[in-house]
Amino acid sequence: MAVDTSTHFARTLQSQADPLNGALVRADFPVLNQEPRAGGQRLAFLDSAASSQKPQVVIDALTAYYERYNANIHRGVYELSEIATAHYEESRKRVARFINARSAGECVFVRNTTEAINLVAQSWGRANIGAGDLIVFTTMEHHSNIVPWQLLAEETGARLGHVRITPEGRLDRDHYAELLAQEPKLVAFTHVSNSLGTVNPARQMIAQAHAAGAVTVLDGAQSVPHLTVDVQDLDCDFLAFSGHKMLGPMGAGILYGKKPLLDAMPPFLGGGSMIRKVTLDRTTWADVPAKFEAGTPAVGDAITLGVAMDYLDGLGLDRVWQHEQDLVTYALDRMRDVPGLTVYGPQDATDRSGVISFALGEVHPHDVAAILDEDNVAVRAGHHCTQPLMAALYVIATTRASFYVYNDHDDVDRLVESIQRVADVFR
């Protein structure tokens, strides 16, 4: 009863030597092929850093679960339950292969990156962080990699250290070394900034943190969907990422953790599925990953996440990354021609993803986004859940365009032309 994904790659499976063709890929995404507004152009969707669109094969897989084998998992001995359980656990194995985990047991299904980081903070953190211990994160973090550590510090009396950023939008590695010299217990940082697109040197930073005796938490929400992430090569202790940013459904994310750490951690939630035995006096826990998956999970979403990974592998992650590099290089070059436009973050594509945050003179970012929407160009405006970073940039908000597999040069051209129209309107 598995969904056959092979027929859905006919438009996208070119030679792996060929560049990715965004227009061909776009044909697989129903929401991007709707009739345009009256007298207007097709949707140019440039907000994938918030949540990506879904290819037909992913939509079909989720529909197939609910139409053909919808059942709770692990507990039923009837056929539908056994089929659902098999698909659910096969998807976990698929996740492990995608990030090169040592075993599927190191991959815990959660709802999203936020839940994954909170799980580490509340489970590992409560058991290992005490008064006076130092927790290090960076100024460019998403709130989801700041607030959990603040809550933990308030509860335990731990200290917080924040790595500064440079004027170019990179981490200040000298300041990082200064903080590591204080022997932090935990270091948490983003692999790729959701606001600046900066790609941080994760492997080197993790090695430095380990040398200082710290456990590491890597926020992979903006990296796992776009480039090859190998947890064994990176040697990260924990990795968190979301399915909805990588062509998968909302409601399925992953916490990867090294098994000795997961084994030693107490459960985060208590209830069904995460137990071995319950009496009126005490409870013993199931083995990982079940220990951290209390209650009925989002079975269909978890299954479909594996299908999204199949789709990305069909495209080839190396080609996905090269495609984004091409788009961001082209976009940065074109945006330099717009008077009054400020682009934040690294000014070339060598160490940045397909995310560009910008400001147009004194025009409010929300006004920019609203006018772009009139041209059917969808971008994000706001602080992007990175208020400390916005403060470091001396702005309240930015407008953000983010590219993915279904975008092409035409989308970039429409973005720039629409920004120019904003400039003309407010001139």
# chains A, B, ... in the order shown; residues from 1 in each chain; ligands from 1
>>> select_by_dssp(residues="segment 11-193 of chain A", states="strand (DSSP E or B)", output="number ranges by chain")
A: 44-45, 47, 107-110, 134-138, 159-163, 165, 171, 186-190, 192
>>> residues_around(residues="Leu160 of chain A", least_positions_apart="2", cutoff="7 Å", atoms="only C-alpha atoms", output="ChimeraX atom specification")
/A:134-136,158,162
>>> closest_residue(among="A:Cys107, A:Leu327, A:Ala49, A:Ile396", to="Asp410 of chain A", atoms="only C-alpha atoms")
A:Leu327
>>> select_by_dssp(residues="segment 80-205 of chain A", states="helix (DSSP H, G or I)", output="PyMOL selection string")
chain A and resi 80-99+104-106+113-128+143-145+147-156+173-180+202-205
>>> residues_around(residues="His364 of chain A", least_positions_apart="6", cutoff="9 Å", atoms="only C-alpha atoms", output="ChimeraX atom specification")
/A:397-399
>>> closest_residue(among="A:Glu79, A:Glu155, A:Asp230, A:Asp219", to="Ala116 of chain A", atoms="only C-alpha atoms")
A:Asp219
>>> residues_around(residues="Val199 of chain A", least_positions_apart="6", cutoff="7 Å", atoms="only C-alpha atoms", output="list in words")
His191, Val192, Ser193, Asp351, Arg352 and Ser353 of chain A
>>> closest_residue(among="A:Cys236, A:Leu43, A:Ala121, A:Ile83", to="Tyr256 of chain A", atoms="only C-alpha atoms")
A:Cys236
>>> residues_around(residues="Pro19 of chain A", least_positions_apart="5", cutoff="12 Å", atoms="only C-alpha atoms", output="JSON, numbers by chain")
{"A": [12, 13, 14, 24, 25, 315, 316, 317, 318, 319, 320, 321, 322, 323, 324, 325, 326, 327, 405, 408]}
>>> write_last_selection(atoms="N, CA and C atoms", output="PDB file, in the first residue's frame")
ATOM      1  N   THR A  12      11.343  16.302 -13.337  1.00  0.00           N
ATOM      2  CA  THR A  12      12.456  16.845 -12.560  1.00  0.00           C
ATOM      3  C   THR A  12      13.708  16.004 -12.624  1.00  0.00           C
ATOM      4  N   LEU A  13      13.581  14.764 -13.026  1.00  0.00           N
ATOM      5  CA  LEU A  13      14.757  13.894 -13.053  1.00  0.00           C
ATOM      6  C   LEU A  13      15.532  14.090 -14.348  1.00  0.00           C
ATOM      7  N   GLN A  14      16.271  15.172 -14.410  1.00  0.00           N
ATOM      8  CA  GLN A  14      17.191  15.367 -15.509  1.00  0.00           C
ATOM      9  C   GLN A  14      18.494  14.664 -15.132  1.00  0.00           C
ATOM     10  N   LEU A  24      10.681  23.580 -14.538  1.00  0.00           N
ATOM     11  CA  LEU A  24      10.241  22.190 -14.611  1.00  0.00           C
ATOM     12  C   LEU A  24       9.827  21.670 -13.244  1.00  0.00           C
ATOM     13  N   VAL A  25      10.600  22.003 -12.224  1.00  0.00           N
ATOM     14  CA  VAL A  25      10.261  21.563 -10.873  1.00  0.00           C
ATOM     15  C   VAL A  25       8.915  22.153 -10.452  1.00  0.00           C
ATOM     16  N   LEU A 315      15.792  15.123  -6.787  1.00  0.00           N
ATOM     17  CA  LEU A 315      16.364  16.326  -7.384  1.00  0.00           C
ATOM     18  C   LEU A 315      17.881  16.349  -7.237  1.00  0.00           C
ATOM     19  N   GLY A 316      18.356  15.840  -6.112  1.00  0.00           N
ATOM     20  CA  GLY A 316      19.785  15.878  -5.805  1.00  0.00           C
ATOM     21  C   GLY A 316      20.119  17.104  -4.978  1.00  0.00           C
ATOM     22  N   LEU A 317      20.500  16.909  -3.716  1.00  0.00           N
ATOM     23  CA  LEU A 317      20.745  18.046  -2.835  1.00  0.00           C
ATOM     24  C   LEU A 317      21.900  18.919  -3.322  1.00  0.00           C
ATOM     25  N   ASP A 318      22.879  18.322  -3.971  1.00  0.00           N
ATOM     26  CA  ASP A 318      23.961  19.145  -4.511  1.00  0.00           C
ATOM     27  C   ASP A 318      23.421  20.105  -5.565  1.00  0.00           C
ATOM     28  N   ARG A 319      22.515  19.592  -6.415  1.00  0.00           N
ATOM     29  CA  ARG A 319      21.916  20.458  -7.434  1.00  0.00           C
ATOM     30  C   ARG A 319      20.996  21.498  -6.804  1.00  0.00           C
ATOM     31  N   VAL A 320      20.297  21.114  -5.738  1.00  0.00           N
ATOM     32  CA  VAL A 320      19.442  22.071  -5.034  1.00  0.00           C
ATOM     33  C   VAL A 320      20.278  23.240  -4.532  1.00  0.00           C
ATOM     34  N   TRP A 321      21.406  22.936  -3.908  1.00  0.00           N
ATOM     35  CA  TRP A 321      22.259  23.980  -3.362  1.00  0.00           C
ATOM     36  C   TRP A 321      22.858  24.836  -4.489  1.00  0.00           C
ATOM     37  N   GLN A 322      23.325  24.207  -5.545  1.00  0.00           N
ATOM     38  CA  GLN A 322      23.891  24.967  -6.665  1.00  0.00           C
ATOM     39  C   GLN A 322      22.835  25.870  -7.297  1.00  0.00           C
ATOM     40  N   HIS A 323      21.600  25.365  -7.379  1.00  0.00           N
ATOM     41  CA  HIS A 323      20.497  26.153  -7.933  1.00  0.00           C
ATOM     42  C   HIS A 323      20.255  27.406  -7.095  1.00  0.00           C
ATOM     43  N   GLU A 324      20.226  27.247  -5.775  1.00  0.00           N
ATOM     44  CA  GLU A 324      20.018  28.399  -4.903  1.00  0.00           C
ATOM     45  C   GLU A 324      21.182  29.376  -4.982  1.00  0.00           C
ATOM     46  N   GLN A 325      22.398  28.850  -5.082  1.00  0.00           N
ATOM     47  CA  GLN A 325      23.560  29.727  -5.222  1.00  0.00           C
ATOM     48  C   GLN A 325      23.457  30.559  -6.496  1.00  0.00           C
ATOM     49  N   ASP A 326      23.008  29.927  -7.565  1.00  0.00           N
ATOM     50  CA  ASP A 326      22.837  30.654  -8.825  1.00  0.00           C
ATOM     51  C   ASP A 326      21.784  31.745  -8.679  1.00  0.00           C
ATOM     52  N   LEU A 327      20.657  31.431  -8.030  1.00  0.00           N
ATOM     53  CA  LEU A 327      19.584  32.400  -7.885  1.00  0.00           C
ATOM     54  C   LEU A 327      19.996  33.568  -7.001  1.00  0.00           C
ATOM     55  N   VAL A 405      13.599  25.303  -4.682  1.00  0.00           N
ATOM     56  CA  VAL A 405      13.781  24.479  -5.880  1.00  0.00           C
ATOM     57  C   VAL A 405      12.880  24.891  -7.034  1.00  0.00           C
ATOM     58  N   ASP A 408      13.071  30.463 -10.232  1.00  0.00           N
ATOM     59  CA  ASP A 408      13.997  30.626 -11.352  1.00  0.00           C
ATOM     60  C   ASP A 408      14.319  32.100 -11.538  1.00  0.00           C
TER      61      ASP A 408
END
>>> residues_around(residues="Met205 of chain A", least_positions_apart="6", cutoff="12 Å", atoms="only C-alpha atoms", output="list of chain:residue names")
A:Val136, A:Phe137, A:Thr138, A:Val163, A:Leu171, A:Asp172, A:Arg173, A:Asp174, A:Tyr176, A:Ala177, A:Leu180, A:Val187, A:Ala188, A:Phe189, A:Thr190, A:His191, A:Val199, A:Ala211, A:Ala212, A:Ala214, A:Val215, A:Thr216, A:Val217, A:Leu218, A:Leu234, A:Asp235, A:Cys236
>>> residues_around(residues="Ala27 of chain A", least_positions_apart="4", cutoff="10 Å", atoms="only C-alpha atoms", output="JSON list (two decimals) with N, CA and C atoms, in the first residue's frame")
[["chain", "number", "residue", "atom", "x", "y", "z"],
["A", 11, "ARG", "N", 9.26, 15.14, -14.61],
["A", 11, "ARG", "CA", 9.62, 16.49, -15.06],
["A", 11, "ARG", "C", 10.90, 16.98, -14.39],
["A", 12, "THR", "N", 11.34, 16.30, -13.34],
["A", 12, "THR", "CA", 12.46, 16.84, -12.56],
["A", 12, "THR", "C", 13.71, 16.00, -12.62],
["A", 22, "GLY", "N", 14.19, 25.30, -12.44],
["A", 22, "GLY", "CA", 13.12, 25.69, -11.53],
["A", 22, "GLY", "C", 11.75, 25.64, -12.17],
["A", 23, "ALA", "N", 11.65, 25.98, -13.44],
["A", 23, "ALA", "CA", 10.35, 25.97, -14.11],
["A", 23, "ALA", "C", 9.81, 24.55, -14.24],
["A", 31, "VAL", "N", -0.06, 24.30, -6.00],
["A", 31, "VAL", "CA", -0.37, 25.66, -5.56],
["A", 31, "VAL", "C", 0.33, 26.70, -6.43],
["A", 32, "LEU", "N", 1.43, 26.31, -7.08],
["A", 32, "LEU", "CA", 2.17, 27.24, -7.92],
["A", 32, "LEU", "C", 1.69, 27.23, -9.37],
["A", 33, "ASN", "N", 0.69, 26.41, -9.65],
["A", 33, "ASN", "CA", 0.18, 26.29, -11.02],
["A", 33, "ASN", "C", -1.29, 26.66, -11.12],
["A", 55, "PRO", "N", 5.03, 19.32, -3.18],
["A", 55, "PRO", "CA", 4.82, 18.72, -4.50],
["A", 55, "PRO", "C", 3.63, 17.75, -4.45],
["A", 56, "GLN", "N", 3.10, 17.44, -5.61],
["A", 56, "GLN", "CA", 1.93, 16.57, -5.70],
["A", 56, "GLN", "C", 2.18, 15.22, -5.04],
["A", 406, "TYR", "N", 11.73, 25.49, -6.74],
["A", 406, "TYR", "CA", 10.75, 25.81, -7.78],
["A", 406, "TYR", "C", 10.87, 27.24, -8.27]]
>>> atom_distance(atom1="atom CA of Phe98 of chain A", atom2="atom CA of Gln232 of chain A")
11.7 Å
>>> atom_distance(atom1="atom CA of Arg159 of chain A", atom2="atom CA of Asp133 of chain A")
5.8 Å
>>> closest_residue(among="A:Ile146, A:Ala349, A:Ala370, A:Leu341", to="Thr329 of chain A", atoms="only C-alpha atoms")
A:Ala349
>>> closest_residue(among="A:Ala17, A:Ile73, A:Ala252, A:Val422", to="His87 of chain A", atoms="only C-alpha atoms")
A:Ile73
>>> atom_distance(atom1="atom CA of Phe241 of chain A", atom2="atom CA of Gln53 of chain A")
16.4 Å
